[in-house]
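Everything below belongs to target-v3.cif, which stores mmCIF, C-alpha atoms.
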data_coords
loop_
_atom_site.group_PDB
_atom_site.id
_atom_site.type_symbol
_atom_site.label_atom_id
_atom_site.label_comp_id
_atom_site.auth_asym_id
_atom_site.auth_seq_id
_atom_site.Cartn_x
_atom_site.Cartn_y
_atom_site.Cartn_z
ATOM 1 C CA LEU U 1 -24.592 -31.676 -35.422
ATOM 2 C CA ILE U 2 -27.207 -33.836 -33.753
ATOM 3 C CA ILE U 3 -28.361 -30.951 -31.581
ATOM 4 C CA SER U 4 -28.569 -28.646 -34.598
ATOM 5 C CA PHE U 5 -30.674 -31.131 -36.504
ATOM 6 C CA ILE U 6 -33.186 -31.656 -33.698
ATOM 7 C CA ILE U 7 -33.592 -27.933 -33.096
ATOM 8 C CA CYS U 8 -33.990 -27.289 -36.795
ATOM 9 C CA ASN U 9 -36.836 -29.792 -36.984
ATOM 10 C CA LEU U 10 -38.508 -28.178 -33.995
ATOM 11 C CA CYS U 11 -38.240 -24.783 -35.656
ATOM 12 C CA ILE U 12 -39.895 -25.986 -38.829
ATOM 13 C CA GLU U 13 -42.642 -27.920 -37.056
ATOM 14 C CA TYR U 14 -43.674 -25.068 -34.754
ATOM 15 C CA ASN U 15 -42.630 -22.216 -37.080
ATOM 16 C CA PHE U 16 -40.743 -20.460 -34.278
ATOM 17 C CA ASN U 17 -39.706 -16.930 -35.079
ATOM 18 C CA PHE U 18 -35.991 -17.112 -34.110
ATOM 19 C CA GLN U 19 -32.778 -18.400 -35.597
ATOM 20 C CA ILE U 20 -31.037 -21.618 -34.670
ATOM 21 C CA LYS U 21 -27.900 -19.735 -33.578
ATOM 22 C CA ASP U 22 -29.967 -17.938 -30.926
ATOM 23 C CA ILE U 23 -30.714 -21.275 -29.285
ATOM 24 C CA ILE U 24 -27.386 -23.010 -29.847
ATOM 25 C CA MET U 25 -24.847 -20.230 -29.392
ATOM 26 C CA TYR U 26 -26.291 -18.745 -26.232
ATOM 27 C CA PRO U 27 -25.747 -21.796 -24.026
ATOM 28 C CA ILE U 28 -22.357 -22.462 -25.619
ATOM 29 C CA ASN U 29 -21.255 -18.881 -24.940
ATOM 30 C CA LYS U 30 -22.434 -19.233 -21.370
ATOM 31 C CA ILE U 31 -20.461 -22.449 -20.919
ATOM 32 C CA ILE U 32 -17.305 -20.899 -22.424
ATOM 33 C CA SER U 33 -17.697 -17.801 -20.218
ATOM 34 C CA SER U 34 -18.102 -19.988 -17.136
ATOM 35 C CA LYS U 35 -14.944 -21.894 -18.009
ATOM 36 C CA LYS U 36 -13.050 -18.627 -18.434
ATOM 37 C CA VAL U 37 -14.241 -17.396 -15.027
ATOM 38 C CA ILE U 38 -13.208 -20.658 -13.378
ATOM 39 C CA ASN U 39 -9.833 -20.565 -15.119
ATOM 40 C CA ASN U 40 -9.301 -16.903 -14.217
ATOM 41 C CA ASP U 41 -10.240 -17.534 -10.587
ATOM 42 C CA SER U 42 -7.788 -20.417 -10.384
ATOM 43 C CA PHE U 43 -5.103 -18.287 -11.978
ATOM 44 C CA LEU U 44 -5.707 -15.374 -9.595
ATOM 45 C CA ILE U 45 -5.734 -17.618 -6.520
ATOM 46 C CA GLU U 46 -2.488 -19.258 -7.583
ATOM 47 C CA SER U 47 -0.906 -15.874 -8.389
ATOM 48 C CA LEU U 48 -1.924 -14.537 -4.985
ATOM 49 C CA LYS U 49 -0.363 -17.550 -3.269
ATOM 50 C CA ASN U 50 2.879 -17.009 -5.185
ATOM 51 C CA LYS U 51 2.932 -13.275 -4.396
ATOM 52 C CA ASN U 52 2.353 -13.931 -0.693
ATOM 53 C CA LYS U 53 5.147 -16.493 -0.732
ATOM 54 C CA GLU U 54 7.483 -13.993 -2.428
ATOM 55 C CA ILE U 55 6.597 -11.325 0.151
ATOM 56 C CA GLU U 56 7.348 -13.673 3.044
ATOM 57 C CA GLU U 57 10.683 -14.653 1.466
ATOM 58 C CA LEU U 58 11.617 -10.984 0.951
ATOM 59 C CA LYS U 59 10.698 -10.159 4.533
ATOM 60 C CA LYS U 60 12.976 -12.943 5.750
ATOM 61 C CA THR U 61 15.776 -11.830 3.440
ATOM 62 C CA LEU U 62 15.522 -8.188 4.539
ATOM 63 C CA GLU U 63 14.803 -9.149 8.155
ATOM 64 C CA LEU U 64 11.586 -7.131 8.133
ATOM 65 C CA LYS U 65 8.870 -7.934 10.647
ATOM 66 C CA THR U 66 6.176 -5.934 8.913
ATOM 67 C CA ILE U 67 5.276 -4.402 5.547
ATOM 68 C CA ASN U 68 2.652 -1.848 4.531
ATOM 69 C CA SER U 69 0.064 -4.486 3.614
ATOM 70 C CA ASN U 70 0.092 -5.735 7.239
ATOM 71 C CA TYR U 71 -1.538 -2.498 8.398
ATOM 72 C CA LYS U 72 -5.074 -1.216 8.252
ATOM 73 C CA VAL U 73 -5.714 2.519 7.864
ATOM 74 C CA ILE U 74 -7.383 4.365 10.742
ATOM 75 C CA ASN U 75 -8.445 7.950 10.058
ATOM 76 C CA ALA U 76 -7.955 10.506 12.835
ATOM 77 C CA SER U 77 -8.042 14.241 13.511
ATOM 78 C CA ILE U 78 -5.607 16.458 15.427
ATOM 79 C CA THR U 79 -7.077 17.549 18.765
ATOM 80 C CA TYR U 80 -4.075 19.284 20.344
ATOM 81 C CA ARG U 81 -0.722 20.762 19.338
ATOM 82 C CA ASN U 82 1.421 22.513 21.906
ATOM 83 C CA MET U 83 2.969 25.612 20.305
ATOM 84 C CA GLU U 84 6.025 25.229 22.528
ATOM 85 C CA TYR U 85 6.669 21.775 21.086
ATOM 86 C CA PHE U 86 5.148 22.509 17.683
ATOM 87 C CA TYR U 87 7.670 20.405 15.722
ATOM 88 C CA ASN U 88 7.901 17.592 18.272
ATOM 89 C CA GLU U 89 4.458 16.107 18.806
ATOM 90 C CA ILE U 90 0.723 16.324 18.198
ATOM 91 C CA THR U 91 -2.302 14.621 19.771
ATOM 92 C CA ILE U 92 -5.036 12.841 17.776
ATOM 93 C CA ASN U 93 -8.552 11.700 18.686
ATOM 94 C CA LYS U 94 -8.013 7.940 18.287
ATOM 95 C CA GLY U 95 -6.566 5.479 20.793
ATOM 96 C CA LYS U 96 -6.564 1.880 22.002
ATOM 97 C CA LYS U 97 -10.335 1.581 21.585
ATOM 98 C CA ASP U 98 -9.860 2.270 17.864
ATOM 99 C CA GLY U 99 -7.001 -0.184 17.404
ATOM 100 C CA ILE U 100 -4.106 2.284 17.688
ATOM 101 C CA THR U 101 -0.872 0.764 18.992
ATOM 102 C CA LYS U 102 2.455 2.249 20.079
ATOM 103 C CA ASP U 103 5.068 2.828 17.330
ATOM 104 C CA SER U 104 2.506 2.602 14.498
ATOM 105 C CA PRO U 105 3.483 4.871 11.561
ATOM 106 C CA VAL U 106 1.364 7.980 10.971
ATOM 107 C CA ILE U 107 0.899 9.321 7.459
ATOM 108 C CA VAL U 108 -0.955 12.101 5.663
ATOM 109 C CA SER U 109 -1.613 12.429 1.929
ATOM 110 C CA GLU U 110 1.929 13.767 1.375
ATOM 111 C CA GLY U 111 3.622 10.938 3.273
ATOM 112 C CA LEU U 112 5.058 10.011 6.674
ATOM 113 C CA ILE U 113 4.822 12.515 9.534
ATOM 114 C CA GLY U 114 5.775 10.392 12.544
ATOM 115 C CA ARG U 115 4.885 7.456 14.779
ATOM 116 C CA ILE U 116 2.619 6.806 17.745
ATOM 117 C CA ASN U 117 4.536 7.547 20.935
ATOM 118 C CA LYS U 118 1.866 7.319 23.668
ATOM 119 C CA VAL U 119 -1.581 5.719 23.613
ATOM 120 C CA THR U 120 -4.599 6.081 25.889
ATOM 121 C CA ASN U 121 -8.046 4.610 25.376
ATOM 122 C CA TYR U 122 -9.354 7.560 23.383
ATOM 123 C CA SER U 123 -6.321 9.536 22.209
ATOM 124 C CA SER U 124 -2.720 9.130 21.043
ATOM 125 C CA THR U 125 0.405 11.274 20.936
ATOM 126 C CA ILE U 126 2.436 11.306 17.722
ATOM 127 C CA LYS U 127 6.185 11.894 17.779
ATOM 128 C CA LEU U 128 6.868 13.841 14.582
ATOM 129 C CA ILE U 129 9.806 13.151 12.290
ATOM 130 C CA THR U 130 10.541 16.890 12.572
ATOM 131 C CA SER U 131 11.387 16.371 16.237
ATOM 132 C CA ALA U 132 14.861 17.527 17.276
ATOM 133 C CA SER U 133 15.388 14.319 19.288
ATOM 134 C CA ILE U 134 18.470 12.412 18.152
ATOM 135 C CA ASN U 135 16.525 9.176 18.714
ATOM 136 C CA ASN U 136 14.197 10.217 15.907
ATOM 137 C CA MET U 137 16.767 9.670 13.140
ATOM 138 C CA LEU U 138 15.541 7.051 10.687
ATOM 139 C CA SER U 139 16.917 4.998 7.834
ATOM 140 C CA VAL U 140 15.747 6.143 4.392
ATOM 141 C CA GLN U 141 16.141 5.151 0.757
ATOM 142 C CA ILE U 142 16.306 7.450 -2.263
ATOM 143 C CA ASN U 143 14.867 5.996 -5.440
ATOM 144 C CA THR U 144 17.313 7.071 -8.182
ATOM 145 C CA LYS U 145 17.532 6.099 -11.846
ATOM 146 C CA SER U 146 20.322 3.684 -10.949
ATOM 147 C CA GLY U 147 18.562 2.119 -7.973
ATOM 148 C CA TYR U 148 18.188 2.816 -4.269
ATOM 149 C CA VAL U 149 20.685 4.866 -2.254
ATOM 150 C CA TYR U 150 20.531 4.560 1.533
ATOM 151 C CA GLY U 151 21.147 7.142 4.223
ATOM 152 C CA ILE U 152 19.941 8.610 7.532
ATOM 153 C CA LEU U 153 17.254 11.315 7.744
ATOM 154 C CA ASN U 154 18.539 14.013 10.079
ATOM 155 C CA ASN U 155 18.611 17.752 10.870
ATOM 156 C CA TYR U 156 15.198 19.209 10.078
ATOM 157 C CA ASP U 157 15.459 22.838 8.924
ATOM 158 C CA LYS U 158 12.381 24.842 9.966
ATOM 159 C CA GLU U 159 13.158 27.738 7.624
ATOM 160 C CA THR U 160 13.298 25.643 4.461
ATOM 161 C CA ASN U 161 10.906 22.944 5.707
ATOM 162 C CA SER U 162 13.359 20.251 4.653
ATOM 163 C CA PHE U 163 15.637 17.531 6.041
ATOM 164 C CA ILE U 164 19.256 16.671 5.446
ATOM 165 C CA ILE U 165 20.093 13.068 4.572
ATOM 166 C CA GLU U 166 23.516 11.974 5.796
ATOM 167 C CA GLY U 167 25.688 8.859 5.618
ATOM 168 C CA MET U 168 24.964 8.095 1.983
ATOM 169 C CA SER U 169 25.669 4.473 1.164
ATOM 170 C CA SER U 170 27.136 5.034 -2.310
ATOM 171 C CA ASN U 171 28.240 7.609 -4.880
ATOM 172 C CA THR U 172 25.207 7.026 -7.093
ATOM 173 C CA GLU U 173 23.994 10.170 -8.852
ATOM 174 C CA ILE U 174 20.985 11.714 -7.122
ATOM 175 C CA SER U 175 18.650 14.201 -8.819
ATOM 176 C CA PRO U 176 16.050 16.704 -7.603
ATOM 177 C CA GLY U 177 12.647 15.020 -7.624
ATOM 178 C CA ASP U 178 13.935 11.589 -6.569
ATOM 179 C CA VAL U 179 11.509 10.059 -4.061
ATOM 180 C CA VAL U 180 12.643 9.454 -0.475
ATOM 181 C CA SER U 181 10.960 6.663 1.518
ATOM 182 C CA THR U 182 11.490 4.456 4.562
ATOM 183 C CA THR U 183 13.667 1.336 4.341
ATOM 184 C CA GLY U 184 11.944 -0.799 6.969
ATOM 185 C CA LEU U 185 15.232 -1.247 8.826
ATOM 186 C CA GLY U 186 14.966 -0.856 12.577
ATOM 187 C CA ASN U 187 11.446 -2.361 12.624
ATOM 188 C CA ILE U 188 9.767 0.954 13.514
ATOM 189 C CA TYR U 189 8.633 2.139 10.095
ATOM 190 C CA THR U 190 7.723 -0.310 7.347
ATOM 191 C CA SER U 191 9.493 -0.194 4.000
ATOM 192 C CA GLY U 192 8.269 2.079 1.212
ATOM 193 C CA ILE U 193 6.426 4.805 3.138
ATOM 194 C CA ILE U 194 6.996 8.062 1.239
ATOM 195 C CA ILE U 195 8.660 10.880 3.205
ATOM 196 C CA GLY U 196 9.280 13.445 0.484
ATOM 197 C CA LYS U 197 11.364 14.331 -2.573
ATOM 198 C CA VAL U 198 14.915 15.533 -3.062
ATOM 199 C CA VAL U 199 14.996 19.322 -3.549
ATOM 200 C CA ARG U 200 18.740 19.941 -3.734
ATOM 201 C CA ILE U 201 22.055 18.107 -3.488
#
Let me see the structure of the file written as structure tokens.
Amino acid sequence: LIISFIICNLCIEYNFNFQIKDIIMYPINKIISSKKVINNDSFLIESLKNKNKEIEELKKTLELKTINSNYKVINASITYRNMEYFYNEITINKGKKDGITKDSPVIVSEGLIGRINKVTNYSSTIKLITSASINNMLSVQINTKSGYVYGILNNYDKETNSFIIEGMSSNTEISPGDVVSTTGLGNIYTSGIIIGKVVRI
């Protein structure tokens, strides 16, 4: 009220061509906006702390060493693919100098294709999940309407371009279109990397 009165007198004395609300409301709005920003920042910082704490607790519970957020993405191009071992491995143009490390997961837009098997300074060899090697079997989870069902990805079929998942962990109903991803078990692939979708049961 005191501020309004003083400004009103100034307006009359100097015949300023603007309204009182233009002088009073603008600073008040600015102050309120600043408070909101400060409050929002505090809220976001606190939320982030809580989320990070939850992630660490989940990692301990699931005995996971790494999760997807621990990785940075490095783009690469295929430089060599031996036709004799077409489904086993490929070579890319990035290596140690670019931050590539052994056993890192390799993905394309459709999902997981393999992991880094050998690394040199300027190139890396990827062992594909389509490899016939028995050591390439990996633990997967199928996201169904009733929750996750666990199994082992095995037996790649070149003719149908599909895998067979064996050792199902339950009798939960699975439907075509259900997403298949990594479980994070075994500490090679992190949890939640998409591999594909169920096509038939």
Test item: the PyMOL selection byres ((chain U and resi 141) around 7) resolved as a ChimeraX atom specification = /U:140,142-143,148-151,180-183
What is the atom CA of U:Val73-atom CA of U:Asn155 distance in Å, reported with one decimal?
->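 Interatomic distance here is 28.9 Å.
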Give as a PyMOL selection string the residues that the PyMOL selection byres ((chain U and resi 93-102) around 8) matches when applied to the coordinates above.
-> chain U and resi 74+76-79+91-92+103-104+115-124
Resulting file, chosen residues, C-alpha atoms, as a CSV table (one decimal), keeping the file's coordinate frame:
chain,number,residue,atom,x,y,z
U,74,ILE,CA,-7.4,4.4,10.7
U,76,ALA,CA,-8.0,10.5,12.8
U,77,SER,CA,-8.0,14.2,13.5
U,78,ILE,CA,-5.6,16.5,15.4
U,79,THR,CA,-7.1,17.5,18.8
U,91,THR,CA,-2.3,14.6,19.8
U,92,ILE,CA,-5.0,12.8,17.8
U,103,ASP,CA,5.1,2.8,17.3
U,104,SER,CA,2.5,2.6,14.5
U,115,ARG,CA,4.9,7.5,14.8
U,116,ILE,CA,2.6,6.8,17.7
U,117,ASN,CA,4.5,7.5,20.9
U,118,LYS,CA,1.9,7.3,23.7
U,119,VAL,CA,-1.6,5.7,23.6
U,120,THR,CA,-4.6,6.1,25.9
U,121,ASN,CA,-8.0,4.6,25.4
U,122,TYR,CA,-9.4,7.6,23.4
U,123,SER,CA,-6.3,9.5,22.2
U,124,SER,CA,-2.7,9.1,21.0
Mind pulling up the distance from atom CA of U:Arg200 to atom CA of U:Val108?
->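 If I compute the distance from atom CA of U:Val108 to atom CA of U:Arg200, I get 23.2 Å.
With only C-alpha atoms as the basis for measurement, U:Gly196 is the residue among U:Tyr80, U:Glu173, U:Asn52, U:Gly196 that approaches U:Asn161 most closely.
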With the file shown as input, list the residues that the PyMOL selection byres ((chain U and resi 195) around 12) selects, as a PyMOL selection string.
-> chain U and resi 105-114+128-130+138-143+153+162-163+165+178-183+189-194+196-198
Counting all atoms listed in the file, figure out which residue out of U:Ile174, U:Ile55, U:Ile188, U:Leu48 gets nearest to U:Lys145.
-> U:Ile174
Interatomic distance, atom CA of U:Leu185 to atom CA of U:Lys127 (Å, one decimal) =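 Distance between the two atoms: 18.3 Å.
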Using only the atoms of stretch 46-52 of chain U listed in the file, plus 5 Å on each side, state the axis-aligned box centre and edge lengths in Å rounded to one decimal, as JSON.
{"center_x": 0.2, "center_y": -16.3, "center_z": -4.5, "size_x": 15.4, "size_y": 16.0, "size_z": 17.7}
